[in-house]
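Q: As input, take coords-v1.cif (mmCIF, C-alpha atoms):
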data_target
#
loop_
_atom_site.label_atom_id
_atom_site.label_comp_id
_atom_site.auth_asym_id
_atom_site.auth_seq_id
_atom_site.Cartn_x
_atom_site.Cartn_y
_atom_site.Cartn_z
CA MET Q 1 81.58 -5.49 -48.60
CA ARG Q 2 77.98 -6.21 -49.44
CA ARG Q 3 77.40 -7.63 -45.96
CA ALA Q 4 79.10 -4.58 -44.44
CA ASP Q 5 76.97 -2.28 -46.56
CA HIS Q 6 73.88 -4.19 -45.53
CA LEU Q 7 74.74 -3.90 -41.83
CA SER Q 8 75.54 -0.21 -42.26
CA CYS Q 9 72.20 0.47 -43.93
CA ARG Q 10 70.39 -1.52 -41.27
CA ALA Q 11 72.11 0.44 -38.52
CA TYR Q 12 71.25 3.70 -40.27
CA ARG Q 13 67.57 2.73 -40.55
CA LEU Q 14 67.54 1.64 -36.91
CA GLY Q 15 69.08 4.95 -35.82
CA SER Q 16 66.62 6.89 -37.93
CA ALA Q 17 63.74 4.99 -36.37
CA VAL Q 18 65.01 5.74 -32.87
CA ARG Q 19 65.40 9.42 -33.68
CA SER Q 20 61.95 9.45 -35.25
CA ASN Q 21 60.45 7.85 -32.14
CA GLU Q 22 62.21 10.45 -29.99
CA ARG Q 23 60.67 13.24 -32.07
CA PHE Q 24 57.23 11.73 -31.64
CA ALA Q 25 57.76 11.07 -27.91
CA ARG Q 26 58.77 14.60 -26.94
CA PRO Q 27 55.38 16.24 -27.58
CA ILE Q 28 53.76 13.57 -25.39
CA ARG Q 29 55.92 14.31 -22.35
CA ARG Q 30 55.44 18.07 -22.54
CA PRO Q 31 51.62 18.06 -22.27
CA ILE Q 32 51.90 15.67 -19.33
CA ALA Q 33 54.33 18.02 -17.60
CA ARG Q 34 52.06 20.99 -18.32
CA LEU Q 35 49.08 19.04 -16.97
CA GLU Q 36 50.94 18.31 -13.74
CA VAL Q 37 51.76 22.01 -13.34
CA GLU Q 38 48.14 23.02 -14.03
CA LEU Q 39 46.85 20.48 -11.50
CA ALA Q 40 49.28 21.82 -8.90
CA VAL Q 41 48.13 25.38 -9.61
CA ILE Q 42 44.47 24.35 -9.33
CA GLY Q 43 45.15 22.65 -6.00
CA LEU Q 44 47.03 25.65 -4.62
CA ALA Q 45 44.31 28.09 -5.72
CA LEU Q 46 41.54 26.00 -4.14
CA LEU Q 47 43.61 25.69 -0.96
CA THR Q 48 43.82 29.48 -0.90
CA ALA Q 49 40.04 29.80 -1.18
CA ALA Q 50 39.38 27.20 1.52
CA GLY Q 51 41.90 28.61 3.99
CA TRP Q 52 40.77 32.21 3.67
CA GLY Q 53 37.11 31.21 3.66
CA ILE Q 54 37.37 29.27 6.93
CA SER Q 55 39.66 31.83 8.59
CA ASP Q 56 37.06 34.62 8.55
CA PRO Q 57 34.51 32.71 10.69
CA LEU Q 58 37.32 31.87 13.12
CA SER Q 59 38.19 35.55 13.46
CA LYS Q 60 34.52 36.38 14.00
CA ALA Q 61 34.34 33.79 16.78
CA GLY Q 62 37.38 35.36 18.43
CA MET Q 63 35.80 38.82 18.32
CA GLU Q 64 32.60 37.46 19.83
CA ARG Q 65 34.73 36.27 22.76
CA GLY Q 66 36.15 39.68 23.54
CA GLY Q 67 38.74 40.32 20.83
CA SER Q 68 38.96 43.28 18.45
CA PRO Q 69 39.65 43.63 14.70
CA PHE Q 70 43.08 45.12 15.39
CA GLN Q 71 43.99 42.25 17.71
CA ALA Q 72 42.86 39.81 15.03
CA ALA Q 73 44.97 41.48 12.34
CA LEU Q 74 48.01 41.73 14.64
CA ALA Q 75 47.76 38.10 15.77
CA VAL Q 76 47.27 36.80 12.23
CA VAL Q 77 50.22 38.73 10.81
CA THR Q 78 52.46 37.84 13.78
CA VAL Q 79 51.76 34.12 13.33
CA SER Q 80 52.57 34.45 9.62
CA VAL Q 81 55.83 36.32 10.25
CA VAL Q 82 57.04 33.81 12.85
CA GLY Q 83 56.19 30.83 10.66
CA TYR Q 84 57.66 32.13 7.42
CA TRP Q 85 60.88 33.48 8.90
CA MET Q 86 61.47 30.25 10.83
CA VAL Q 87 61.26 28.33 7.56
CA LEU Q 88 63.53 30.85 5.84
CA SER Q 89 66.11 30.62 8.64
CA ILE Q 90 66.20 26.84 8.23
CA ARG Q 91 66.46 26.97 4.44
CA GLY Q 92 68.83 29.92 4.38
CA PHE Q 93 68.01 33.32 2.98
CA ASP Q 94 70.43 36.11 2.10
CA LEU Q 95 68.36 39.27 2.43
CA LEU Q 96 71.18 41.49 1.18
CA SER Q 97 71.43 39.55 -2.08
CA LEU Q 98 68.13 40.99 -3.30
CA PRO Q 99 68.21 44.30 -5.19
CA GLY Q 100 67.15 47.28 -3.12
CA TRP Q 101 64.22 48.13 -5.37
CA VAL Q 102 62.86 44.58 -5.02
CA LEU Q 103 63.01 44.77 -1.23
CA GLY Q 104 61.36 48.18 -1.28
CA ALA Q 105 58.63 47.03 -3.65
CA PHE Q 106 57.63 43.97 -1.63
CA LEU Q 107 57.81 45.89 1.65
CA GLY Q 108 55.65 48.66 0.19
CA ILE Q 109 53.08 46.17 -1.07
CA GLY Q 110 53.06 44.54 2.35
CA LEU Q 111 52.31 47.83 4.09
CA VAL Q 112 49.23 48.32 1.92
CA SER Q 113 48.01 44.84 1.08
CA THR Q 114 48.75 43.25 4.46
CA ALA Q 115 48.48 45.93 7.14
CA LEU Q 116 45.71 48.11 5.74
CA ALA Q 117 43.74 45.43 3.87
CA ARG Q 118 43.80 42.97 6.77
CA LEU Q 119 42.63 45.62 9.21
CA LEU Q 120 39.80 46.68 6.91
CA ASN Q 121 38.88 43.04 6.38
CA TYR Q 122 38.53 42.26 10.08
CA VAL Q 123 36.57 45.44 10.76
CA GLY Q 124 34.17 44.20 8.08
CA VAL Q 125 34.01 40.77 9.74
CA GLN Q 126 33.16 42.36 13.08
CA ARG Q 127 30.49 44.70 11.73
CA ALA Q 128 28.73 42.70 9.00
CA GLY Q 129 29.79 39.13 9.72
CA ALA Q 130 32.24 36.69 8.15
CA SER Q 131 29.92 35.42 5.41
CA VAL Q 132 28.87 38.89 4.21
CA ASN Q 133 32.41 40.24 4.48
CA SER Q 134 33.93 37.33 2.56
CA ALA Q 135 31.40 37.62 -0.26
CA THR Q 136 32.09 41.35 -0.57
CA VAL Q 137 35.89 41.01 -0.52
CA ASN Q 138 35.51 38.56 -3.41
CA THR Q 139 34.79 41.55 -5.67
CA ARG Q 140 38.52 42.42 -5.92
CA PRO Q 141 38.84 41.45 -9.64
CA VAL Q 142 36.30 44.08 -10.70
CA TRP Q 143 38.38 46.78 -9.02
CA ALA Q 144 41.50 45.52 -10.75
CA THR Q 145 39.63 45.74 -14.06
CA ILE Q 146 38.50 49.30 -13.35
CA VAL Q 147 42.07 50.35 -12.50
CA ALA Q 148 43.37 48.75 -15.69
CA VAL Q 149 40.79 50.56 -17.82
CA ALA Q 150 41.32 53.91 -16.10
CA PHE Q 151 45.12 53.97 -15.94
CA LEU Q 152 46.45 51.37 -18.38
CA GLY Q 153 44.16 52.05 -21.33
CA GLU Q 154 42.75 48.52 -21.41
CA THR Q 155 39.28 47.75 -22.73
CA ILE Q 156 36.46 45.75 -21.18
CA THR Q 157 35.30 42.70 -23.12
CA VAL Q 158 31.65 41.75 -23.49
CA GLN Q 159 32.25 38.88 -21.09
CA GLY Q 160 33.91 41.24 -18.62
CA ALA Q 161 30.89 43.55 -18.77
CA PHE Q 162 28.61 40.60 -17.96
CA GLY Q 163 30.93 39.75 -15.08
CA ILE Q 164 30.74 43.26 -13.66
CA GLY Q 165 26.94 43.10 -13.91
CA CYS Q 166 26.91 39.80 -12.00
CA ILE Q 167 29.10 41.28 -9.26
CA VAL Q 168 26.97 44.41 -8.91
CA GLY Q 169 23.81 42.30 -8.76
CA GLY Q 170 25.43 40.01 -6.21
CA LEU Q 171 26.40 42.96 -4.01
CA VAL Q 172 22.82 44.24 -4.11
CA LEU Q 173 21.54 40.83 -3.01
CA ILE Q 174 24.13 40.67 -0.23
CA ALA Q 175 23.18 44.14 1.01
CA LEU Q 176 19.49 43.14 1.09
CA SER Q 177 20.06 39.55 2.24
CA GLY Q 178 19.30 39.94 5.93
CA GLY Q 179 22.15 37.52 6.65
CA GLY Q 180 25.45 38.01 8.41
CA ASP Q 181 25.80 39.20 12.00
CA VAL Q 182 22.71 38.23 13.98
CA SER Q 183 22.76 41.56 15.84
CA GLY Q 184 22.26 43.39 12.54
CA TRP Q 185 24.47 45.66 10.47
CA ASN Q 186 24.27 48.83 8.39
CA LYS Q 187 24.70 48.80 4.62
CA ARG Q 188 27.51 51.34 5.06
CA ASP Q 189 29.47 48.59 6.82
CA LEU Q 190 30.06 47.08 3.37
CA LEU Q 191 32.50 49.94 2.71
CA PHE Q 192 35.10 48.17 4.86
CA PRO Q 193 35.25 44.89 2.87
CA LEU Q 194 34.95 46.87 -0.38
CA ALA Q 195 38.00 48.94 0.60
CA ALA Q 196 39.81 45.74 1.55
CA ALA Q 197 38.96 44.28 -1.87
CA VAL Q 198 40.50 47.29 -3.62
CA THR Q 199 43.75 47.07 -1.64
CA PHE Q 200 43.96 43.30 -2.10
CA ALA Q 201 43.46 43.72 -5.86
CA VAL Q 202 46.24 46.30 -6.15
CA GLY Q 203 48.57 44.11 -4.09
CA ASN Q 204 47.93 40.94 -6.12
CA THR Q 205 48.53 42.75 -9.41
CA ALA Q 206 51.78 44.28 -8.18
CA ARG Q 207 53.06 40.94 -6.83
CA ARG Q 208 52.37 39.16 -10.09
CA TYR Q 209 54.34 41.82 -11.98
CA LEU Q 210 57.28 41.47 -9.60
CA PHE Q 211 57.27 37.68 -9.98
CA THR Q 212 57.66 38.11 -13.75
CA GLN Q 213 60.51 40.62 -13.36
CA THR Q 214 62.58 39.10 -10.54
CA ALA Q 215 63.88 35.76 -9.26
CA VAL Q 216 62.26 36.12 -5.83
CA THR Q 217 60.67 32.88 -4.59
CA PRO Q 218 57.11 32.79 -3.21
CA LEU Q 219 58.40 32.04 0.29
CA GLU Q 220 60.77 35.02 0.25
CA ALA Q 221 58.05 37.27 -1.13
CA VAL Q 222 55.42 36.29 1.41
CA ALA Q 223 57.93 36.62 4.29
CA LEU Q 224 58.82 40.17 3.22
CA ASN Q 225 55.15 40.96 2.64
CA GLU Q 226 54.04 39.84 6.10
CA PHE Q 227 57.03 41.46 7.85
CA ALA Q 228 56.12 44.81 6.29
CA GLY Q 229 52.52 44.31 7.32
CA LEU Q 230 53.58 43.65 10.91
CA LEU Q 231 55.67 46.83 10.94
CA GLY Q 232 52.69 48.77 9.61
CA LEU Q 233 50.34 47.43 12.29
CA ILE Q 234 52.87 48.17 15.04
CA ALA Q 235 53.23 51.72 13.71
CA ILE Q 236 49.44 52.16 13.80
CA LEU Q 237 49.36 50.80 17.35
CA LEU Q 238 52.11 53.14 18.57
CA TYR Q 239 50.46 56.12 16.91
CA ARG Q 240 46.98 55.46 18.28
CA GLU Q 241 47.89 54.24 21.76
CA ARG Q 242 50.67 56.33 23.23
CA GLY Q 243 49.75 55.19 26.73
CA ASP Q 244 49.62 51.66 28.14
CA LEU Q 245 49.70 49.22 25.22
CA ARG Q 246 48.84 46.33 27.51
CA ASP Q 247 45.29 47.59 27.98
CA TYR Q 248 44.80 47.92 24.22
CA LEU Q 249 46.07 44.39 23.54
CA ASP Q 250 44.30 42.77 26.49
CA ALA Q 251 41.78 40.11 25.45
CA PRO Q 252 40.64 36.70 26.74
CA ARG Q 253 42.89 33.75 25.90
CA GLU Q 254 40.02 32.06 24.10
CA ALA Q 255 39.80 35.00 21.69
CA TYR Q 256 43.52 34.86 20.94
CA ALA Q 257 43.27 31.10 20.43
CA TYR Q 258 40.78 31.69 17.61
CA PHE Q 259 42.98 34.46 16.20
CA VAL Q 260 46.04 32.17 16.18
CA GLY Q 261 44.07 29.48 14.35
CA CYS Q 262 42.93 32.13 11.89
CA GLY Q 263 46.55 33.20 11.46
CA MET Q 264 47.73 29.68 10.69
CA LEU Q 265 45.08 29.27 8.00
CA SER Q 266 45.79 32.73 6.57
CA ALA Q 267 49.53 32.04 6.42
CA LEU Q 268 48.95 28.78 4.59
CA SER Q 269 46.50 30.46 2.20
CA LEU Q 270 48.78 33.39 1.40
CA PHE Q 271 51.73 31.13 0.64
CA ALA Q 272 49.51 28.93 -1.54
CA LEU Q 273 48.36 32.02 -3.45
CA PHE Q 274 51.93 33.23 -4.00
CA ALA Q 275 53.01 29.76 -5.13
CA ALA Q 276 50.04 29.53 -7.52
CA LEU Q 277 50.78 32.95 -9.03
CA ASP Q 278 54.42 31.96 -9.45
CA ARG Q 279 53.56 28.75 -11.32
CA GLY Q 280 50.33 29.53 -13.13
CA ARG Q 281 48.38 32.08 -15.08
CA VAL Q 282 46.24 34.73 -13.46
CA VAL Q 283 43.22 33.54 -15.51
CA VAL Q 284 43.50 30.19 -13.71
CA VAL Q 285 44.54 31.34 -10.24
CA ASP Q 286 42.10 34.21 -9.69
CA PRO Q 287 38.84 32.39 -10.53
CA LEU Q 288 39.76 29.28 -8.53
CA SER Q 289 40.92 31.24 -5.49
CA SER Q 290 37.80 33.44 -5.51
CA PRO Q 291 35.06 31.21 -3.97
CA THR Q 292 36.20 31.98 -0.41
CA SER Q 293 32.67 33.06 0.47
CA LEU Q 294 31.32 29.56 -0.22
CA PHE Q 295 33.73 28.09 2.32
CA ALA Q 296 32.95 30.95 4.74
CA ILE Q 297 29.20 30.43 4.38
CA THR Q 298 29.55 26.65 4.80
CA ALA Q 299 31.74 26.98 7.91
CA THR Q 300 29.39 29.59 9.37
CA ALA Q 301 26.30 27.47 8.80
CA LEU Q 302 27.92 24.34 10.26
CA PHE Q 303 29.80 25.71 13.27
CA PHE Q 304 28.86 29.34 13.97
CA GLY Q 305 25.10 29.45 13.47
CA GLY Q 306 24.59 31.22 16.78
CA VAL Q 307 26.79 34.13 15.69
CA GLU Q 308 25.62 34.64 12.10
CA SER Q 309 22.64 33.81 9.93
CA VAL Q 310 22.90 32.42 6.40
CA THR Q 311 19.93 33.27 4.18
CA PRO Q 312 19.11 32.02 0.66
CA ARG Q 313 19.52 35.55 -0.70
CA LEU Q 314 23.02 35.73 0.79
CA VAL Q 315 23.99 32.43 -0.86
CA VAL Q 316 22.63 33.54 -4.25
CA GLY Q 317 24.43 36.88 -3.92
CA ALA Q 318 27.72 35.15 -3.10
CA LEU Q 319 27.30 32.80 -6.08
CA SER Q 320 26.55 35.77 -8.34
CA VAL Q 321 29.76 37.50 -7.23
CA ILE Q 322 31.78 34.33 -7.85
CA ALA Q 323 30.23 33.94 -11.31
CA GLY Q 324 31.18 37.53 -12.10
CA VAL Q 325 34.75 36.93 -10.95
CA VAL Q 326 35.04 33.86 -13.19
CA LEU Q 327 33.66 35.81 -16.17
CA ILE Q 328 36.16 38.64 -15.64
CA THR Q 329 39.31 36.67 -14.87
CA GLY Q 330 38.67 33.34 -16.58
CA PRO Q 331 39.02 32.26 -20.22
CA GLN Q 332 37.11 34.54 -22.58
CA PHE Q 333 34.24 32.64 -24.22
CA LEU Q 334 32.00 35.59 -25.16
CA VAL Q 335 34.02 37.22 -27.93
CA VAL Q 336 32.44 39.74 -30.30
#
Give the structure from the file, written as structure tokens.

A:
Amino acid sequence: MRRADHLSCRAYRLGSAVRSNERFARPIRRPIARLEVELAVIGLALLTAAGWGISDPLSKAGMERGGSPFQAALAVVTVSVVGYWMVLSIRGFDLLSLPGWVLGAFLGIGLVSTALARLLNYVGVQRAGASVNSATVNTRPVWATIVAVAFLGETITVQGAFGIGCIVGGLVLIALSGGGDVSGWNKRDLLFPLAAAVTFAVGNTARRYLFTQTAVTPLEAVALNEFAGLLGLIAILLYRERGDLRDYLDAPREAYAYFVGCGMLSALSLFALFAALDRGRVVVVDPLSSPTSLFAITATALFFGGVESVTPRLVVGALSVIAGVVLITGPQFLVV
């Protein structure tokens, strides 16, 4: 009996030790898993910035070869729709399984954030240049903050106020930079990328809310978003050009080649953004996906120097806007 008791006690202590080790091991695995998710989100957000930053100079090159902003927007959205819906058809997607309000919400966001915002964006690229346009579109977080304060009753933190100041200062530097399109541009041309920034900001906020309220995957969301954008652009085309559409869409093949490349990068960037918003926090995704202008300026300086000029004041202005975005959307360090 004593030996049996001894073995029983030993087994009990051994089991307790195992359970104790399990308790201590669990907290170790969870931070590692969270770190892997955060690294994936960081990678997706930076991929978004790089893709969108490089796509703008490509669209500018296409316009310099005879294309138009509308042709750029239509080509980019068409490439996205074809790519996303091909993937969905392979994976399988039951459109009717989604609630009607979810379909309507994503389609409505697509009409605004894809059709209108893309068109405004490419008009800005044509008029002011890819580098100037990209730096100005980067101001979208400040518009989201203004909307939240005006309609949701939120307050601006001290850090957020500094961020808004950095963005305003950056916009002033960009307007006075002397960079961008080598043929020159008017300061009023900044209204197009500013309007695009507002529509992009509203769309991103609405998508994030829908991701938290529904089970829609990023691929399904982006496919619906781009499809609605394509319908919107086609509606604009039919309304404006009731005659021969072929003349309106006619452009050199070289221009469309640049637009298709721009569309492939934009499609990849948009899916990366949706995937990042689905997995991570806005305070991580927004700051890291914001430095598109740095990639645009770098690509312009390296490959499209004959089309646009990059000045030191433009670079400083773009950096100031990015710093403001990080202050507004990133972790709050300046707390009073």

Q: Which of these residues is nearest to Leu231 (chain Q), using only C-alpha atoms: Q:Val260, Q:Ile54, Q:Ala196, Q:Val81?

A: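 Among the listed residues, the smallest separation from Leu231 (chain Q) belongs to Q:Val81.
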
Q: What does the PyMOL selection byres ((chain Q and resi 292-309) around 6) select in this file, as an NGL selection string?

A: :Q and (49-50 or 53-54 or 131 or 134-135 or 179-182 or 290-291 or 310)

Q: Using all atoms listed in the file, determine which residues lie at most 8 Å from Thr199 (chain Q), disregarding the query and same-chain residues fewer than 5 positions distant; provide the list as a VMD selection string.

A: chain Q and resid 112 to 113 116 to 117

Q: Keeping C-alpha atoms, export the residues of the selection given above as a PDB file, keeping the file's coordinate frame.

A:
ATOM      1  CA  VAL Q 112      49.230  48.320   1.920  1.00  0.00           C
ATOM      2  CA  SER Q 113      48.010  44.840   1.080  1.00  0.00           C
ATOM      3  CA  LEU Q 116      45.710  48.110   5.740  1.00  0.00           C
ATOM      4  CA  ALA Q 117      43.740  45.430   3.870  1.00  0.00           C
TER       5      ALA Q 117
END

Q: Mind telling me what the PyMOL selection byres ((chain Q and resi 73) around 12) catches here, as a PyMOL selection string?

A: chain Q and resi 55-56+59-60+62-63+67-72+74-80+114-126+226+229-230+232-234+236-237+249+256+258-260+262-263+266

Q: Residues at most 12 Å from Arg279 (chain Q), counting only C-alpha atoms, excluding those fewer than 2 positions away in the same chain, as a PDB file with C-alpha atoms, keeping the file's coordinate frame?

A:
ATOM      1  CA  ARG Q  34      52.060  20.990 -18.320  1.00  0.00           C
ATOM      2  CA  GLU Q  36      50.940  18.310 -13.740  1.00  0.00           C
ATOM      3  CA  VAL Q  37      51.760  22.010 -13.340  1.00  0.00           C
ATOM      4  CA  GLU Q  38      48.140  23.020 -14.030  1.00  0.00           C
ATOM      5  CA  LEU Q  39      46.850  20.480 -11.500  1.00  0.00           C
ATOM      6  CA  ALA Q  40      49.280  21.820  -8.900  1.00  0.00           C
ATOM      7  CA  VAL Q  41      48.130  25.380  -9.610  1.00  0.00           C
ATOM      8  CA  ILE Q  42      44.470  24.350  -9.330  1.00  0.00           C
ATOM      9  CA  GLY Q  43      45.150  22.650  -6.000  1.00  0.00           C
ATOM     10  CA  LEU Q  44      47.030  25.650  -4.620  1.00  0.00           C
ATOM     11  CA  ALA Q  45      44.310  28.090  -5.720  1.00  0.00           C
ATOM     12  CA  ARG Q 208      52.370  39.160 -10.090  1.00  0.00           C
ATOM     13  CA  PHE Q 211      57.270  37.680  -9.980  1.00  0.00           C
ATOM     14  CA  THR Q 212      57.660  38.110 -13.750  1.00  0.00           C
ATOM     15  CA  THR Q 217      60.670  32.880  -4.590  1.00  0.00           C
ATOM     16  CA  PRO Q 218      57.110  32.790  -3.210  1.00  0.00           C
ATOM     17  CA  ALA Q 272      49.510  28.930  -1.540  1.00  0.00           C
ATOM     18  CA  LEU Q 273      48.360  32.020  -3.450  1.00  0.00           C
ATOM     19  CA  PHE Q 274      51.930  33.230  -4.000  1.00  0.00           C
ATOM     20  CA  ALA Q 275      53.010  29.760  -5.130  1.00  0.00           C
ATOM     21  CA  ALA Q 276      50.040  29.530  -7.520  1.00  0.00           C
ATOM     22  CA  LEU Q 277      50.780  32.950  -9.030  1.00  0.00           C
ATOM     23  CA  ARG Q 281      48.380  32.080 -15.080  1.00  0.00           C
ATOM     24  CA  VAL Q 282      46.240  34.730 -13.460  1.00  0.00           C
ATOM     25  CA  VAL Q 284      43.500  30.190 -13.710  1.00  0.00           C
ATOM     26  CA  VAL Q 285      44.540  31.340 -10.240  1.00  0.00           C
TER      27      VAL Q 285
END

Q: Once the PyMOL selection byres ((chain Q and resi 163) around 8) has been evaluated on this model, what residues remain selected, and can you format them as a PyMOL selection string?

A: chain Q and resi 159-162+164-167+323-328

Q: Can you write out the residues you just picked, keeping C-alpha atoms, as a CSV table (one decimal), in the coordinates of the input?

A:
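Saved the output as selection.csv:
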chain,number,residue,atom,x,y,z
Q,159,GLN,CA,32.2,38.9,-21.1
Q,160,GLY,CA,33.9,41.2,-18.6
Q,161,ALA,CA,30.9,43.6,-18.8
Q,162,PHE,CA,28.6,40.6,-18.0
Q,164,ILE,CA,30.7,43.3,-13.7
Q,165,GLY,CA,26.9,43.1,-13.9
Q,166,CYS,CA,26.9,39.8,-12.0
Q,167,ILE,CA,29.1,41.3,-9.3
Q,323,ALA,CA,30.2,33.9,-11.3
Q,324,GLY,CA,31.2,37.5,-12.1
Q,325,VAL,CA,34.8,36.9,-11.0
Q,326,VAL,CA,35.0,33.9,-13.2
Q,327,LEU,CA,33.7,35.8,-16.2
Q,328,ILE,CA,36.2,38.6,-15.6

Q: Find the distance between CA of Val202 (chain Q) and CA of Arg127 (chain Q) and write it in Å to one decimal.

A: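 Those two atoms sit 23.9 Å apart.
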
Q: Between Q:Val316, Q:Ala228, Q:Glu220, Q:Gln213, which one has atoms that come closest to Trp101 (chain Q), using all atoms listed in the file?

A: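 Closest to Trp101 (chain Q) of all the choices is Q:Gln213.
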
Q: Specify the axis-aligned box that encloses all atoms of region 130-144 of chain Q listed in the file after padding of 5 Å on each side, stating its centre and edge lengths in Å to one decimal as JSON.

A:
{"center_x": 35.2, "center_y": 41.1, "center_z": -1.3, "size_x": 22.6, "size_y": 21.4, "size_z": 28.9}

Q: So how many Å separate CA of Met86 (chain Q) and CA of Met264 (chain Q), to one decimal?

A: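 If I compute the distance from CA of Met86 (chain Q) to CA of Met264 (chain Q), I get 13.8 Å.
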
Q: At what distance in Å, to one decimal, does CA of Leu46 (chain Q) lie from CA of Leu288 (chain Q)?

A: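 Those two atoms sit 5.8 Å apart.
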
Q: Region 46-63 of chain Q from the block above, N, CA and C atoms, as a PDB file, in the first residue's frame, please?

A:
ATOM      1  N   LEU Q  46       2.354  47.850 -46.298  1.00  0.00           N
ATOM      2  CA  LEU Q  46       3.457  48.393 -47.093  1.00  0.00           C
ATOM      3  C   LEU Q  46       3.312  48.024 -48.567  1.00  0.00           C
ATOM      4  N   LEU Q  47       2.790  46.815 -48.830  1.00  0.00           N
ATOM      5  CA  LEU Q  47       2.524  46.422 -50.214  1.00  0.00           C
ATOM      6  C   LEU Q  47       1.480  47.338 -50.845  1.00  0.00           C
ATOM      7  N   THR Q  48       0.483  47.722 -50.065  1.00  0.00           N
ATOM      8  CA  THR Q  48      -0.527  48.670 -50.544  1.00  0.00           C
ATOM      9  C   THR Q  48       0.117  49.996 -50.934  1.00  0.00           C
ATOM     10  N   ALA Q  49       0.977  50.510 -50.060  1.00  0.00           N
ATOM     11  CA  ALA Q  49       1.634  51.793 -50.338  1.00  0.00           C
ATOM     12  C   ALA Q  49       2.509  51.714 -51.586  1.00  0.00           C
ATOM     13  N   ALA Q  50       3.279  50.637 -51.705  1.00  0.00           N
ATOM     14  CA  ALA Q  50       4.176  50.504 -52.853  1.00  0.00           C
ATOM     15  C   ALA Q  50       3.399  50.372 -54.160  1.00  0.00           C
ATOM     16  N   GLY Q  51       2.371  49.529 -54.155  1.00  0.00           N
ATOM     17  CA  GLY Q  51       1.601  49.320 -55.380  1.00  0.00           C
ATOM     18  C   GLY Q  51       0.911  50.577 -55.853  1.00  0.00           C
ATOM     19  N   TRP Q  52       0.229  51.268 -54.950  1.00  0.00           N
ATOM     20  CA  TRP Q  52      -0.455  52.505 -55.334  1.00  0.00           C
ATOM     21  C   TRP Q  52       0.533  53.608 -55.697  1.00  0.00           C
ATOM     22  N   GLY Q  53       1.668  53.649 -54.995  1.00  0.00           N
ATOM     23  CA  GLY Q  53       2.652  54.679 -55.302  1.00  0.00           C
ATOM     24  C   GLY Q  53       3.242  54.530 -56.693  1.00  0.00           C
ATOM     25  N   ILE Q  54       3.531  53.302 -57.104  1.00  0.00           N
ATOM     26  CA  ILE Q  54       4.121  53.069 -58.424  1.00  0.00           C
ATOM     27  C   ILE Q  54       3.070  53.153 -59.524  1.00  0.00           C
ATOM     28  N   SER Q  55       1.815  52.850 -59.195  1.00  0.00           N
ATOM     29  CA  SER Q  55       0.773  52.840 -60.230  1.00  0.00           C
ATOM     30  C   SER Q  55       0.483  54.240 -60.774  1.00  0.00           C
ATOM     31  N   ASP Q  56       0.576  55.259 -59.949  1.00  0.00           N
ATOM     32  CA  ASP Q  56       0.292  56.619 -60.425  1.00  0.00           C
ATOM     33  C   ASP Q  56       1.263  57.081 -61.512  1.00  0.00           C
ATOM     34  N   PRO Q  57       2.586  56.897 -61.349  1.00  0.00           N
ATOM     35  CA  PRO Q  57       3.482  57.252 -62.452  1.00  0.00           C
ATOM     36  C   PRO Q  57       3.212  56.460 -63.729  1.00  0.00           C
ATOM     37  N   LEU Q  58       2.790  55.194 -63.590  1.00  0.00           N
ATOM     38  CA  LEU Q  58       2.444  54.416 -64.781  1.00  0.00           C
ATOM     39  C   LEU Q  58       1.250  55.029 -65.507  1.00  0.00           C
ATOM     40  N   SER Q  59       0.242  55.449 -64.739  1.00  0.00           N
ATOM     41  CA  SER Q  59      -0.925  56.071 -65.373  1.00  0.00           C
ATOM     42  C   SER Q  59      -0.544  57.392 -66.042  1.00  0.00           C
ATOM     43  N   LYS Q  60       0.349  58.139 -65.416  1.00  0.00           N
ATOM     44  CA  LYS Q  60       0.810  59.400 -66.016  1.00  0.00           C
ATOM     45  C   LYS Q  60       1.532  59.132 -67.333  1.00  0.00           C
ATOM     46  N   ALA Q  61       2.345  58.080 -67.371  1.00  0.00           N
ATOM     47  CA  ALA Q  61       3.048  57.732 -68.605  1.00  0.00           C
ATOM     48  C   ALA Q  61       2.062  57.355 -69.704  1.00  0.00           C
ATOM     49  N   GLY Q  62       0.985  56.647 -69.343  1.00  0.00           N
ATOM     50  CA  GLY Q  62      -0.029  56.303 -70.329  1.00  0.00           C
ATOM     51  C   GLY Q  62      -0.744  57.524 -70.878  1.00  0.00           C
ATOM     52  N   MET Q  63      -1.021  58.491 -70.006  1.00  0.00           N
ATOM     53  CA  MET Q  63      -1.681  59.719 -70.476  1.00  0.00           C
ATOM     54  C   MET Q  63      -0.758  60.540 -71.370  1.00  0.00           C
TER      55      MET Q  63
END
